[in-house]
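Trainee: Contents of protein-v5.txt (compact mmCIF, C-alpha atoms and all ligand atoms):
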```
# COMPACT_ATOMS: atom_id res chain seq x y z
CA MET K 436 -3.92 8.51 -41.70
CA THR K 437 -1.19 11.17 -41.87
CA GLU K 438 1.34 11.30 -39.03
CA GLU K 439 0.01 14.76 -38.08
CA ARG K 440 -3.58 13.51 -37.71
CA ARG K 441 -2.43 10.47 -35.73
CA VAL K 442 -0.44 12.63 -33.32
CA ALA K 443 -3.43 14.96 -32.88
CA ARG K 444 -5.60 11.96 -31.94
CA VAL K 445 -3.16 10.53 -29.39
CA LYS K 446 -4.37 11.20 -25.86
CA HIS K 447 -1.98 12.30 -23.16
CA VAL K 448 -2.54 10.23 -20.01
CA LEU K 449 -0.71 11.67 -17.01
CA ILE K 450 -0.29 9.25 -14.10
CA LEU K 451 0.82 10.72 -10.78
CA GLY K 452 2.58 8.06 -8.69
CA ALA K 453 4.45 5.02 -10.00
CA GLY K 454 3.43 2.68 -7.20
CA PHE K 455 1.28 -0.43 -7.42
CA GLY K 456 -1.63 1.38 -9.08
CA GLY K 457 0.35 3.71 -11.35
CA LEU K 458 2.67 1.00 -12.68
CA GLU K 459 -0.21 -1.39 -13.37
CA LEU K 460 -2.18 1.28 -15.22
CA ALA K 461 0.79 2.42 -17.32
CA GLY K 462 1.55 -1.21 -18.21
CA ARG K 463 -2.04 -1.97 -19.21
CA LEU K 464 -2.33 1.12 -21.42
CA SER K 465 1.00 0.32 -23.04
CA ASP K 466 -0.03 -3.28 -23.72
CA SER K 467 -3.45 -2.36 -25.18
CA VAL K 468 -3.32 1.09 -26.80
CA ALA K 469 0.33 2.19 -27.04
CA ASP K 470 -0.38 3.84 -30.40
CA GLU K 471 -3.42 5.75 -29.12
CA VAL K 472 -2.10 7.15 -25.84
CA ARG K 473 1.06 8.83 -24.66
CA VAL K 474 1.61 8.04 -21.00
CA THR K 475 3.68 10.22 -18.68
CA LEU K 476 4.34 8.49 -15.36
CA ILE K 477 5.65 10.68 -12.54
CA ASP K 478 7.16 9.66 -9.22
CA GLN K 479 9.42 11.39 -6.73
CA ASN K 480 11.45 8.22 -6.11
CA ASP K 481 13.87 6.36 -8.35
CA GLY K 482 12.29 2.97 -7.73
CA PHE K 483 9.34 0.97 -6.39
CA THR K 484 9.38 -1.40 -3.42
CA PHE K 485 6.57 -3.89 -2.74
CA GLY K 486 4.98 -3.44 0.69
CA PHE K 487 5.71 -7.04 1.67
CA SER K 488 9.39 -6.56 0.85
CA LYS K 489 9.58 -4.40 4.00
CA LEU K 490 8.92 -7.56 6.03
CA ASP K 491 11.77 -9.20 4.12
CA ILE K 492 14.04 -6.29 5.10
CA VAL K 493 13.17 -6.59 8.82
CA PHE K 494 13.02 -10.36 9.16
CA GLY K 495 14.48 -11.92 6.00
CA GLY K 496 17.85 -10.21 5.81
CA SER K 497 17.00 -8.54 2.47
CA ASP K 498 18.89 -5.43 1.51
CA ALA K 499 16.60 -2.47 0.65
CA SER K 500 18.40 -1.87 -2.65
CA ALA K 501 18.04 -5.54 -3.62
CA VAL K 502 14.23 -5.49 -3.33
CA GLN K 503 13.73 -2.17 -5.13
CA LEU K 504 12.59 -2.12 -8.78
CA GLN K 505 14.43 0.71 -10.54
CA TYR K 506 12.33 3.00 -12.73
CA ARG K 507 15.29 3.44 -15.08
CA ASP K 508 14.58 -0.16 -16.20
CA LEU K 509 11.07 0.74 -17.35
CA ALA K 510 10.77 -0.11 -21.04
CA LYS K 511 7.10 -0.05 -21.99
CA PRO K 512 6.14 1.35 -25.41
CA GLY K 513 4.39 4.72 -25.13
CA VAL K 514 5.32 5.22 -21.45
CA GLU K 515 7.73 7.91 -20.33
CA PHE K 516 8.88 7.95 -16.70
CA ARG K 517 9.87 11.24 -15.04
CA GLN K 518 11.42 11.38 -11.57
CA GLU K 519 9.79 14.57 -10.27
CA ARG K 520 7.86 15.65 -7.19
CA VAL K 521 4.27 16.71 -7.80
CA THR K 522 3.76 20.10 -6.14
CA ALA K 523 0.27 21.12 -7.31
CA ILE K 524 -2.71 19.42 -8.98
CA GLY K 525 -5.43 21.40 -10.74
CA PRO K 526 -8.15 18.83 -11.41
CA ALA K 527 -10.57 21.15 -13.24
CA ALA K 528 -7.98 22.05 -15.91
CA ARG K 529 -6.09 18.73 -15.55
CA HIS K 530 -2.95 20.79 -15.02
CA VAL K 531 -0.14 19.51 -12.83
CA THR K 532 2.96 21.27 -11.53
CA THR K 533 6.10 19.49 -10.37
CA ASP K 534 9.45 20.62 -8.98
CA ARG K 535 10.75 20.48 -12.55
CA GLY K 536 7.94 21.72 -14.80
CA SER K 537 4.24 21.48 -15.58
CA TYR K 538 1.92 19.20 -17.54
CA ASP K 539 -1.48 19.33 -19.22
CA ALA K 540 -3.34 16.07 -19.59
CA ASP K 541 -6.31 14.74 -21.54
CA VAL K 542 -6.71 12.15 -18.80
CA LEU K 543 -5.26 12.57 -15.31
CA VAL K 544 -4.88 9.70 -12.84
CA VAL K 545 -3.96 10.31 -9.21
CA ALA K 546 -2.18 7.26 -7.77
CA LEU K 547 -0.11 8.93 -5.04
CA GLY K 548 -0.86 6.44 -2.27
CA ALA K 549 -0.86 7.40 1.41
CA GLU K 550 1.62 9.32 3.56
CA TYR K 551 2.62 8.50 7.15
CA ASP K 552 2.19 11.08 9.89
CA LEU K 553 4.58 9.97 12.63
CA GLU K 554 4.45 13.37 14.35
CA ALA K 555 0.71 12.96 14.98
CA THR K 556 1.61 10.48 17.73
CA PRO K 557 3.82 12.40 20.18
CA GLY K 558 6.94 10.46 21.18
CA PHE K 559 6.56 7.89 18.39
CA ALA K 560 9.28 9.20 16.04
CA GLU K 561 11.82 9.30 18.92
CA GLY K 562 10.71 6.32 20.98
CA GLY K 563 9.10 3.84 18.60
CA LEU K 564 9.91 1.59 15.67
CA GLU K 565 7.93 1.02 12.48
CA TYR K 566 8.33 -1.12 9.38
CA TYR K 567 5.91 0.69 7.04
CA SER K 568 8.66 2.81 5.43
CA ILE K 569 11.92 1.45 4.02
CA ALA K 570 14.03 3.57 6.39
CA GLY K 571 11.84 2.41 9.29
CA ALA K 572 12.21 -1.24 8.29
CA GLU K 573 16.00 -0.88 8.17
CA ARG K 574 16.03 0.78 11.61
CA MET K 575 13.83 -1.95 13.07
CA ARG K 576 16.01 -4.70 11.55
CA ASP K 577 19.07 -3.10 13.18
CA ALA K 578 17.34 -2.53 16.55
CA LEU K 579 15.92 -6.04 17.04
CA PRO K 580 19.23 -7.78 17.84
CA GLU K 581 19.65 -5.35 20.78
CA PHE K 582 16.38 -6.55 22.34
CA SER K 583 16.98 -9.21 24.98
CA GLY K 584 13.50 -9.81 26.42
CA GLY K 585 10.65 -7.87 28.04
CA THR K 586 7.44 -6.45 26.61
CA ILE K 587 6.95 -5.72 22.93
CA LEU K 588 3.91 -3.56 22.33
CA ILE K 589 2.60 -3.36 18.78
CA GLY K 590 0.21 -0.45 18.32
CA VAL K 591 -2.04 0.19 15.32
CA LEU K 592 -2.23 3.96 15.68
CA ALA K 593 -5.28 4.60 13.47
CA GLN K 594 -7.46 3.26 10.72
CA PRO K 595 -7.33 3.08 7.77
CA TYR K 596 -3.85 1.67 7.29
CA LYS K 597 -2.22 -0.26 4.45
CA CYS K 598 -2.58 -4.01 4.23
CA PRO K 599 -4.79 -4.94 7.20
CA PRO K 600 -2.96 -8.24 7.88
CA ALA K 601 0.53 -6.60 7.96
CA PRO K 602 0.62 -5.78 11.73
CA PHE K 603 -0.24 -9.40 12.47
CA GLU K 604 2.25 -10.77 9.94
CA GLY K 605 4.86 -8.61 11.72
CA ALA K 606 3.84 -10.15 15.06
CA PHE K 607 4.06 -13.72 13.69
CA LEU K 608 7.51 -13.11 12.21
CA LEU K 609 8.69 -11.39 15.37
CA HIS K 610 7.52 -14.40 17.38
CA ASP K 611 9.56 -16.71 15.11
CA GLN K 612 12.65 -14.56 15.42
CA LEU K 613 12.41 -14.50 19.23
CA VAL K 614 11.91 -18.29 19.35
CA GLU K 615 14.97 -18.73 17.17
CA ARG K 616 16.99 -16.46 19.45
CA GLY K 617 15.77 -18.39 22.51
CA ILE K 618 14.18 -15.34 24.17
CA ARG K 619 10.49 -15.85 23.37
CA GLU K 620 9.76 -17.10 26.87
CA GLN K 621 11.18 -13.94 28.41
CA THR K 622 9.08 -11.79 26.04
CA GLU K 623 5.47 -10.71 26.12
CA ILE K 624 4.01 -9.62 22.75
CA ARG K 625 0.88 -7.54 22.92
CA ILE K 626 -1.08 -5.85 20.11
CA VAL K 627 -3.28 -2.84 20.83
CA ALA K 628 -5.53 -1.73 17.97
CA PRO K 629 -8.63 0.37 17.34
CA MET K 630 -10.38 -2.44 15.38
CA SER K 631 -12.91 -4.63 17.16
CA ALA K 632 -11.03 -7.64 15.77
CA PRO K 633 -7.91 -8.21 13.64
CA VAL K 634 -8.60 -7.92 9.87
CA PRO K 635 -12.31 -7.32 10.42
CA VAL K 636 -13.38 -7.85 6.78
CA THR K 637 -15.47 -10.84 7.95
CA PRO K 638 -15.82 -12.54 11.37
CA GLU K 639 -14.30 -15.76 9.94
CA VAL K 640 -11.14 -14.01 8.77
CA SER K 641 -10.79 -12.23 12.15
CA GLN K 642 -11.25 -15.48 14.02
CA ARG K 643 -8.50 -17.10 11.98
CA PHE K 644 -6.10 -14.33 13.01
CA LEU K 645 -7.23 -14.51 16.65
CA ASP K 646 -6.54 -18.26 16.62
CA GLU K 647 -3.08 -17.79 15.10
CA LEU K 648 -2.25 -15.08 17.68
CA ALA K 649 -3.52 -17.23 20.58
CA ALA K 650 -1.49 -20.22 19.37
CA ARG K 651 1.65 -18.09 19.81
CA GLY K 652 0.59 -16.51 23.10
CA ILE K 653 0.21 -13.05 21.54
CA GLU K 654 -2.42 -10.93 23.26
CA TYR K 655 -4.83 -8.81 21.16
CA THR K 656 -6.43 -5.80 22.85
CA ALA K 657 -9.32 -4.50 20.75
CA GLN K 658 -10.78 -1.01 20.40
CA GLN K 659 -7.91 0.73 22.16
CA THR K 660 -5.59 3.25 20.56
CA VAL K 661 -2.16 4.39 21.62
CA VAL K 662 -2.19 8.20 21.30
CA GLU K 663 1.20 9.06 22.75
CA LEU K 664 4.50 7.50 23.80
CA ASP K 665 6.49 8.53 26.83
CA PRO K 666 9.94 7.32 25.72
CA ALA K 667 11.62 8.33 29.00
CA ALA K 668 9.23 6.21 31.10
CA LYS K 669 8.85 3.63 28.28
CA GLU K 670 5.09 3.84 28.52
CA ALA K 671 2.42 4.07 25.84
CA VAL K 672 -0.56 6.26 26.66
CA LEU K 673 -3.99 5.05 25.53
CA GLU K 674 -6.84 7.41 24.66
CA THR K 675 -8.47 6.33 27.92
CA GLY K 676 -5.41 7.72 29.75
CA GLU K 677 -4.25 4.24 30.78
CA ARG K 678 -0.48 3.76 30.50
CA LEU K 679 1.05 0.53 29.19
CA PRO K 680 4.72 -0.24 29.85
CA TYR K 681 6.89 -1.47 26.99
CA ASP K 682 10.50 -2.31 26.32
CA LEU K 683 10.05 -2.10 22.54
CA PHE K 684 7.23 -0.23 20.84
CA VAL K 685 6.35 -1.00 17.22
CA GLY K 686 3.71 1.24 15.68
CA ILE K 687 1.67 1.16 12.51
CA PRO K 688 1.78 4.89 11.72
CA ILE K 689 -1.21 7.13 11.13
CA HIS K 690 -1.90 7.31 7.38
CA ARG K 691 -2.96 10.48 5.58
CA VAL K 692 -3.79 11.48 2.03
CA PRO K 693 -0.63 13.08 0.53
CA ALA K 694 -0.50 16.85 1.27
CA VAL K 695 -0.47 17.75 -2.45
CA VAL K 696 -3.73 15.85 -2.94
CA ARG K 697 -5.31 17.46 0.11
CA LYS K 698 -4.49 20.91 -1.31
CA SER K 699 -5.94 20.01 -4.74
CA GLY K 700 -9.52 19.95 -3.50
CA LEU K 701 -9.86 16.30 -4.56
CA ALA K 702 -9.98 14.98 -0.99
CA ASP K 703 -12.54 17.02 0.90
CA GLY K 704 -13.63 13.98 2.91
CA GLY K 705 -10.06 13.03 3.89
CA TRP K 706 -9.38 10.71 0.92
CA VAL K 707 -10.25 11.18 -2.77
CA THR K 708 -13.92 10.87 -3.64
CA VAL K 709 -14.52 8.63 -6.68
CA ASP K 710 -17.36 7.02 -8.55
CA ARG K 711 -17.45 3.53 -7.10
CA ASP K 712 -17.97 1.90 -10.51
CA ASN K 713 -15.23 3.46 -12.66
CA LEU K 714 -13.09 5.40 -10.12
CA MET K 715 -13.56 8.76 -11.83
CA THR K 716 -13.48 11.74 -9.47
CA PRO K 717 -16.18 14.43 -9.73
CA PHE K 718 -13.82 16.15 -12.25
CA PRO K 719 -14.21 14.86 -15.84
CA ASP K 720 -11.36 12.64 -17.03
CA VAL K 721 -9.67 12.73 -13.62
CA TYR K 722 -9.44 9.31 -11.96
CA ALA K 723 -7.92 8.09 -8.70
CA VAL K 724 -6.68 4.58 -7.88
CA GLY K 725 -5.17 2.80 -4.92
CA ASP K 726 -4.63 3.86 -1.32
CA VAL K 727 -5.51 7.48 -2.10
CA VAL K 728 -9.24 6.78 -2.70
CA ASP K 729 -12.11 7.03 -0.27
CA LEU K 730 -13.94 3.69 -0.53
CA PRO K 731 -15.24 1.36 2.18
CA MET K 732 -12.51 -1.22 1.72
CA ALA K 733 -8.97 -2.15 2.65
CA LYS K 734 -5.96 -0.32 1.29
CA ALA K 735 -3.60 -2.79 -0.38
CA GLY K 736 -1.57 -3.16 -3.54
CA VAL K 737 -3.72 -5.92 -5.00
CA PHE K 738 -6.76 -3.64 -4.81
CA ALA K 739 -4.77 -0.78 -6.40
CA GLU K 740 -3.91 -3.21 -9.17
CA ASN K 741 -7.55 -4.26 -9.60
CA ALA K 742 -8.58 -0.58 -9.69
CA ALA K 743 -5.94 0.23 -12.31
CA GLY K 744 -7.39 -2.50 -14.54
CA VAL K 745 -10.86 -0.98 -14.30
CA VAL K 746 -9.54 2.52 -15.00
CA ALA K 747 -7.52 1.25 -17.98
CA ASP K 748 -10.65 -0.36 -19.41
CA ASP K 749 -12.65 2.83 -18.84
CA ILE K 750 -10.02 5.07 -20.48
CA ILE K 751 -9.71 2.72 -23.47
CA ALA K 752 -13.48 2.45 -23.89
CA ARG K 753 -13.91 6.24 -23.76
CA ILE K 754 -11.15 6.75 -26.35
CA HIS K 755 -13.09 4.38 -28.62
CA GLY K 756 -16.42 6.10 -27.84
CA GLN K 757 -17.70 3.04 -25.98
CA THR K 758 -18.78 2.27 -22.44
CA VAL K 759 -17.39 -0.48 -20.19
CA GLY K 760 -19.46 -3.38 -18.97
CA ARG K 761 -17.46 -4.16 -15.84
CA ARG K 762 -17.57 -2.29 -12.53
CA TYR K 763 -14.92 -2.02 -9.85
CA GLU K 764 -15.49 -4.65 -7.18
CA GLY K 765 -12.50 -4.07 -4.89
CA GLU K 766 -11.27 -7.58 -5.49
CA GLY K 767 -7.90 -9.15 -4.73
CA ASN K 768 -5.87 -11.91 -3.11
CA CYS K 769 -3.47 -10.89 -0.33
CA TYR K 770 -0.73 -13.28 0.74
CA ILE K 771 -0.13 -13.62 4.47
CA GLU K 772 3.04 -14.70 6.25
CA PHE K 773 2.03 -16.98 9.10
CA GLY K 774 5.67 -17.54 10.02
CA SER K 775 7.93 -20.60 9.66
CA GLY K 776 7.68 -20.12 5.89
CA ARG K 777 3.92 -20.76 5.98
CA VAL K 778 2.03 -18.58 3.49
CA ALA K 779 -1.75 -18.29 3.25
CA LYS K 780 -3.93 -15.88 1.31
CA VAL K 781 -7.05 -13.88 1.93
CA GLN K 782 -9.32 -13.80 -1.12
CA ALA K 783 -11.46 -10.69 -0.80
CA ASN K 784 -14.17 -8.86 -2.67
CA PHE K 785 -15.29 -5.68 -0.89
CA LEU K 786 -17.72 -3.98 -3.26
CA GLY K 787 -19.20 -6.65 -5.53
CA GLY K 788 -22.07 -7.57 -3.20
CA PRO K 789 -24.16 -6.13 -0.39
CA SER K 790 -21.34 -6.83 2.11
CA PRO K 791 -17.64 -7.73 1.80
CA ARG K 792 -16.74 -11.36 1.12
CA ALA K 793 -13.44 -12.87 2.22
CA THR K 794 -11.94 -16.26 2.95
CA VAL K 795 -8.55 -17.43 4.17
CA VAL K 796 -7.00 -20.19 2.06
CA GLY K 797 -4.00 -22.20 3.23
CA PRO K 798 -1.27 -21.97 4.38
CA SER K 799 0.37 -24.31 1.90
CA ALA K 800 3.58 -24.86 -0.01
CA GLU K 801 1.72 -23.99 -3.24
CA LEU K 802 0.78 -20.58 -1.83
CA ALA K 803 4.38 -19.93 -0.76
CA ALA K 804 5.41 -20.66 -4.36
CA GLU K 805 2.57 -18.47 -5.68
CA LYS K 806 3.73 -15.58 -3.48
CA ALA K 807 7.33 -16.03 -4.63
CA ALA K 808 6.16 -15.67 -8.24
CA PHE K 809 4.05 -12.56 -7.53
CA ALA K 810 6.76 -9.87 -7.63
CA PRO K 811 8.68 -11.24 -10.66
CA ALA K 812 5.40 -11.44 -12.63
CA ARG K 813 4.64 -7.77 -11.83
CA ARG K 814 8.17 -6.73 -12.67
CA ALA K 815 7.94 -8.32 -16.11
CA ARG K 816 4.46 -6.89 -16.77
CA TRP K 817 5.22 -3.38 -15.55
CA PHE K 818 8.79 -2.92 -16.74
CA GLY K 819 8.88 -4.89 -20.00
CA ASP K 820 11.68 -6.95 -21.48
CA ALA K 821 14.58 -4.83 -20.20
CA SER K 822 13.79 -5.87 -16.61
CA ALA K 823 14.21 -9.58 -17.31
C1 LIG K 901 4.54 -3.79 5.61
C2 LIG K 901 3.60 -3.77 4.45
C3 LIG K 901 3.19 -4.95 3.87
C4 LIG K 901 2.30 -4.92 2.79
N1 LIG K 901 1.93 -6.11 2.21
C5 LIG K 901 1.08 -6.08 1.17
C6 LIG K 901 0.71 -7.32 0.55
O1 LIG K 901 1.16 -8.40 0.93
N2 LIG K 901 -0.17 -7.25 -0.49
C7 LIG K 901 -0.66 -6.06 -0.93
O2 LIG K 901 -1.44 -6.06 -1.87
N3 LIG K 901 -0.34 -4.88 -0.35
C8 LIG K 901 0.54 -4.86 0.67
N4 LIG K 901 0.90 -3.68 1.26
C9 LIG K 901 0.22 -2.45 0.85
C10 LIG K 901 0.75 -1.87 -0.45
O3 LIG K 901 2.14 -1.66 -0.38
C11 LIG K 901 0.05 -0.54 -0.77
O4 LIG K 901 -1.32 -0.63 -0.44
C12 LIG K 901 0.19 -0.24 -2.25
O5 LIG K 901 1.54 0.04 -2.55
C13 LIG K 901 -0.70 0.94 -2.66
O6 LIG K 901 -0.52 1.23 -4.01
P1 LIG K 901 -0.72 2.72 -4.54
O7 LIG K 901 -0.41 2.69 -5.98
O8 LIG K 901 -2.02 3.26 -4.10
O9 LIG K 901 0.37 3.58 -3.74
P2 LIG K 901 1.94 3.36 -3.65
O10 LIG K 901 2.35 2.03 -4.13
O11 LIG K 901 2.31 3.78 -2.28
O12 LIG K 901 2.49 4.43 -4.69
C14 LIG K 901 2.36 5.81 -4.52
C15 LIG K 901 3.53 6.48 -5.21
O13 LIG K 901 3.31 7.89 -5.22
C16 LIG K 901 4.56 8.52 -5.05
N5 LIG K 901 4.32 9.88 -4.55
C17 LIG K 901 3.66 10.26 -3.43
N6 LIG K 901 3.64 11.61 -3.35
C18 LIG K 901 4.30 12.07 -4.43
C19 LIG K 901 4.57 13.38 -4.93
N7 LIG K 901 4.19 14.49 -4.30
N8 LIG K 901 5.22 13.50 -6.11
C20 LIG K 901 5.63 12.39 -6.80
N9 LIG K 901 5.40 11.14 -6.36
C21 LIG K 901 4.73 10.99 -5.21
C22 LIG K 901 5.30 7.63 -4.06
O14 LIG K 901 6.71 7.83 -4.18
C23 LIG K 901 4.85 6.25 -4.48
O15 LIG K 901 5.77 5.61 -5.36
C24 LIG K 901 1.81 -3.68 2.31
C25 LIG K 901 2.24 -2.48 2.88
C26 LIG K 901 3.14 -2.51 3.93
C27 LIG K 901 3.62 -1.20 4.50
```
As C-alpha cells, what does this structure read like?
Mentor:
Amino acid sequence: MTEERRVARVKHVLILGAGFGGLELAGRLSDSVADEVRVTLIDQNDGFTFGFSKLDIVFGGSDASAVQLQYRDLAKPGVEFRQERVTAIGPAARHVTTDRGSYDADVLVVALGAEYDLEATPGFAEGGLEYYSIAGAERMRDALPEFSGGTILIGVLAQPYKCPPAPFEGAFLLHDQLVERGIREQTEIRIVAPMSAPVPVTPEVSQRFLDELAARGIEYTAQQTVVELDPAAKEAVLETGERLPYDLFVGIPIHRVPAVVRKSGLADGGWVTVDRDNLMTPFPDVYAVGDVVDLPMAKAGVFAENAAGVVADDIIARIHGQTVGRRYEGEGNCYIEFGSGRVAKVQANFLGGPSPRATVVGPSAELAAEKAAFAPARRARWFGDASA
C-alpha cells in the first residue's frame, strides 16, 4: 500500500479527557492498532492523579506533585497529548473546539469525568473541608493538626459521587489518625448521607461497612442530606431543617457533568446517555466512558477502565468491518482502606446480570500488595517505556 493510501485509511480518534478512562483507551488503541489510528488525547491539566492518592495526601504524608503522573512522560506510539481546555463539543459533526484550536474526528470519545459544585451547598466552600480535589486534600491535610477534639461531621452532599467507599475510607483513616494523636476519645465522628446504607450495591457490602463503622464507634445517619452550612454557628443544616453542630465538617461535594458536556447536548438527562452495550452515544461514532456517563452503577476509575476496554474493542472491530462479541458489564475491583494498613477489595459487576453483584474480599496483606502494584502497572501501560 502506498504511504498516501495508508494515511487516508488511518482514523483520527479524538479523546477528550486524559483521566482513568481516556488514558486506558489511548493505551489500548496504541497497543493494538497504532498503525490504523491516530489518537489525539486532550486534557486541561499537565498530569493525572489517581483518586486514591488524595487519601495518601491527607493521611499518608504524600506530596501532591509526587503522586501525579506527568503527561509529558506519555510515550505511546500513535498517541499525541495536547494540554488544552475543551470549550465546545459538536457531537453531530464530531467537531471540538479548545482554547487553542479545533479538531475534527472520525471517532470522538468523551471522557471528561465529573465536576464538583461546591457553591451548590451554601457555606461549604468557606466553612467545610473536602478531599475530592487535590487542593482540597492539601487543605484538609494542613487543617487536621489544628483539630483538638469535638465533633467531626462527614456529609455526603448528593448522589452520585465518585468511588462509593471513599467517604467511609476517609472516616476509617481519620479514626486511625485521631487514635494515634490520642484524641479519639474526645472526638465524635458522625456520617450523614442520602443513601439508605453505606455502599448500597448489595446489602452484604453495606453491612460490612456498617460493621466496620460500628467497630470504631462511628455513627451512620442514613437518608439525610446536609444542604447548607452555617460556618459562624458551626452548624450543618439538613433538608428537614434540623441543625447539627460540628467542630469540623468534611463534605463529599455535589458532582455534576462538566459544563462543556452539558452545553453539547450530550447530557440531556444530567449525565451522558449511552448504549449500555458498547457505550456509543446517540450520535454515530461518538462514545462516552467513565464518570461522565449515565448508567445505573457506581462512578469509579476501575469502571472507567473497564468501559475504555469495551470502547477500544468496539472501535477496532468497526475499523475492521466487524462486530464485537462482548458487552459492557460495569465490572471492576475497588480497593478499600480499612485503616491500620488493612486493604480489602470490593469485586463488583453492575450490569452483567439482572441486578448488581458485589462481594468484599479481605482485608489481607496480599490485597495491600495488590493495591500497591495497581498504580505502577497503570503508569507503565498508559505511559509506555519512558515512564519506567
Ligand atoms: C478520594 C477518592 C478516592 C477514589 N478512590 C478510587 C479507587 O480506589 N478506585 C477507583 O477505581 N476509583 C477511585 N476514585 C474515583 C476515580 O478517581 C474516578 O472515578 C475516575 O478518575 C474517573 O475516571 P474518568 O476517566 O471518568 O474521569 P477523570 O479521571 O476524572 O478524568 C477526566 C479528565 O477530564 C479532564 N477535563 C475535564 N474537563 C475538561 C475540559 N473542559 N477540557 C480538558 N480537559 C478536561 C480532567 O482534567 C480530567 O483529567 C476515587 C476518587 C476520589 C475522589
Trainee: Could you name the residues that touch segment 446-451 of chain K at 6 Å or less, counting only C-alpha atoms, but leaving out those on the same chain fewer than 6 positions away, as an MDAnalysis selection string?
Mentor: chainID K and resid 472:477 540:546
Trainee: From the list K:Thr586, K:Asn768, K:Gln757, K:Ser775, which residue is nearest ligand LIG 901 (chain K) when using all atoms listed in the file?
Mentor: K:Asn768
Trainee: Which protein, DNA or RNA residues have an atom within 8 Å of ligand LIG 901 (chain K), counting all atoms listed in the file, as number ranges by chain?
Mentor: K: 451-458, 477-480, 482-490, 518-522, 533, 546-550, 566-568, 597-598, 600-602, 605, 693-695, 724-727, 734-740, 767-771
Trainee: What is the atom CA of Val627 of chain K to atom CA of Tyr655 of chain K distance in Å?
Mentor: 6.2 Å
Trainee: In the coordinate frame of the file, compute which residues have an atom within 12 Å of (0.7, -17.7, 11.7) when using all atoms listed in the file, and state them as a PyMOL selection string.
Mentor: chain K and resi 600-611+643-653+770-780+795+797-799
Trainee: Print the selection's residues with C-alpha atoms to a file, as a PDB file, keeping the file's coordinate frame.
Mentor:
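Result written to selection.pdb:
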```pdb
ATOM      1  CA  PRO K 600      -2.960  -8.240   7.880  1.00  0.00           C
ATOM      2  CA  ALA K 601       0.530  -6.600   7.960  1.00  0.00           C
ATOM      3  CA  PRO K 602       0.620  -5.780  11.730  1.00  0.00           C
ATOM      4  CA  PHE K 603      -0.240  -9.400  12.470  1.00  0.00           C
ATOM      5  CA  GLU K 604       2.250 -10.770   9.940  1.00  0.00           C
ATOM      6  CA  GLY K 605       4.860  -8.610  11.720  1.00  0.00           C
ATOM      7  CA  ALA K 606       3.840 -10.150  15.060  1.00  0.00           C
ATOM      8  CA  PHE K 607       4.060 -13.720  13.690  1.00  0.00           C
ATOM      9  CA  LEU K 608       7.510 -13.110  12.210  1.00  0.00           C
ATOM     10  CA  LEU K 609       8.690 -11.390  15.370  1.00  0.00           C
ATOM     11  CA  HIS K 610       7.520 -14.400  17.380  1.00  0.00           C
ATOM     12  CA  ASP K 611       9.560 -16.710  15.110  1.00  0.00           C
ATOM     13  CA  ARG K 643      -8.500 -17.100  11.980  1.00  0.00           C
ATOM     14  CA  PHE K 644      -6.100 -14.330  13.010  1.00  0.00           C
ATOM     15  CA  LEU K 645      -7.230 -14.510  16.650  1.00  0.00           C
ATOM     16  CA  ASP K 646      -6.540 -18.260  16.620  1.00  0.00           C
ATOM     17  CA  GLU K 647      -3.080 -17.790  15.100  1.00  0.00           C
ATOM     18  CA  LEU K 648      -2.250 -15.080  17.680  1.00  0.00           C
ATOM     19  CA  ALA K 649      -3.520 -17.230  20.580  1.00  0.00           C
ATOM     20  CA  ALA K 650      -1.490 -20.220  19.370  1.00  0.00           C
ATOM     21  CA  ARG K 651       1.650 -18.090  19.810  1.00  0.00           C
ATOM     22  CA  GLY K 652       0.590 -16.510  23.100  1.00  0.00           C
ATOM     23  CA  ILE K 653       0.210 -13.050  21.540  1.00  0.00           C
ATOM     24  CA  TYR K 770      -0.730 -13.280   0.740  1.00  0.00           C
ATOM     25  CA  ILE K 771      -0.130 -13.620   4.470  1.00  0.00           C
ATOM     26  CA  GLU K 772       3.040 -14.700   6.250  1.00  0.00           C
ATOM     27  CA  PHE K 773       2.030 -16.980   9.100  1.00  0.00           C
ATOM     28  CA  GLY K 774       5.670 -17.540  10.020  1.00  0.00           C
ATOM     29  CA  SER K 775       7.930 -20.600   9.660  1.00  0.00           C
ATOM     30  CA  GLY K 776       7.680 -20.120   5.890  1.00  0.00           C
ATOM     31  CA  ARG K 777       3.920 -20.760   5.980  1.00  0.00           C
ATOM     32  CA  VAL K 778       2.030 -18.580   3.490  1.00  0.00           C
ATOM     33  CA  ALA K 779      -1.750 -18.290   3.250  1.00  0.00           C
ATOM     34  CA  LYS K 780      -3.930 -15.880   1.310  1.00  0.00           C
ATOM     35  CA  VAL K 795      -8.550 -17.430   4.170  1.00  0.00           C
ATOM     36  CA  GLY K 797      -4.000 -22.200   3.230  1.00  0.00           C
ATOM     37  CA  PRO K 798      -1.270 -21.970   4.380  1.00  0.00           C
ATOM     38  CA  SER K 799       0.370 -24.310   1.900  1.00  0.00           C
TER      39      SER K 799
END
```
Trainee: Have a look at K:Gly700, K:Pro666, K:Pro811, K:Pro580 and name the one nearest to Pro680 of chain K; count all atoms listed in the file.
Mentor: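 The closest residue to Pro680 of chain K is K:Pro666.
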Trainee: Which distance in Å separates atom CA of Phe559 of chain K and atom CA of Asp729 of chain K, to one decimal?
Mentor: 26.4 Å
Trainee: Distance cut-off 7 Å, centre (-10.9, -9.9, -1.8) in file coordinates, counting only C-alpha atoms: which residues qualify? Return them as a PyMOL selection string.
Mentor: chain K and resi 765-768+781-785+792-793
Trainee: I'd like the neighbourhood of Leu509 of chain K as a CSV table (one decimal) with C-alpha atoms, in the coordinates of the input, where a residue qualifies if any of its atoms comes within 10 Å (using only C-alpha atoms), though same-chain residues fewer than 5 positions away should be ignored.
Mentor:
```
chain,number,residue,atom,x,y,z
K,458,LEU,CA,2.7,1.0,-12.7
K,462,GLY,CA,1.6,-1.2,-18.2
K,482,GLY,CA,12.3,3.0,-7.7
K,504,LEU,CA,12.6,-2.1,-8.8
K,514,VAL,CA,5.3,5.2,-21.4
K,515,GLU,CA,7.7,7.9,-20.3
K,516,PHE,CA,8.9,8.0,-16.7
K,814,ARG,CA,8.2,-6.7,-12.7
K,815,ALA,CA,7.9,-8.3,-16.1
K,817,TRP,CA,5.2,-3.4,-15.6
K,818,PHE,CA,8.8,-2.9,-16.7
K,819,GLY,CA,8.9,-4.9,-20.0
K,820,ASP,CA,11.7,-7.0,-21.5
K,821,ALA,CA,14.6,-4.8,-20.2
K,822,SER,CA,13.8,-5.9,-16.6
```
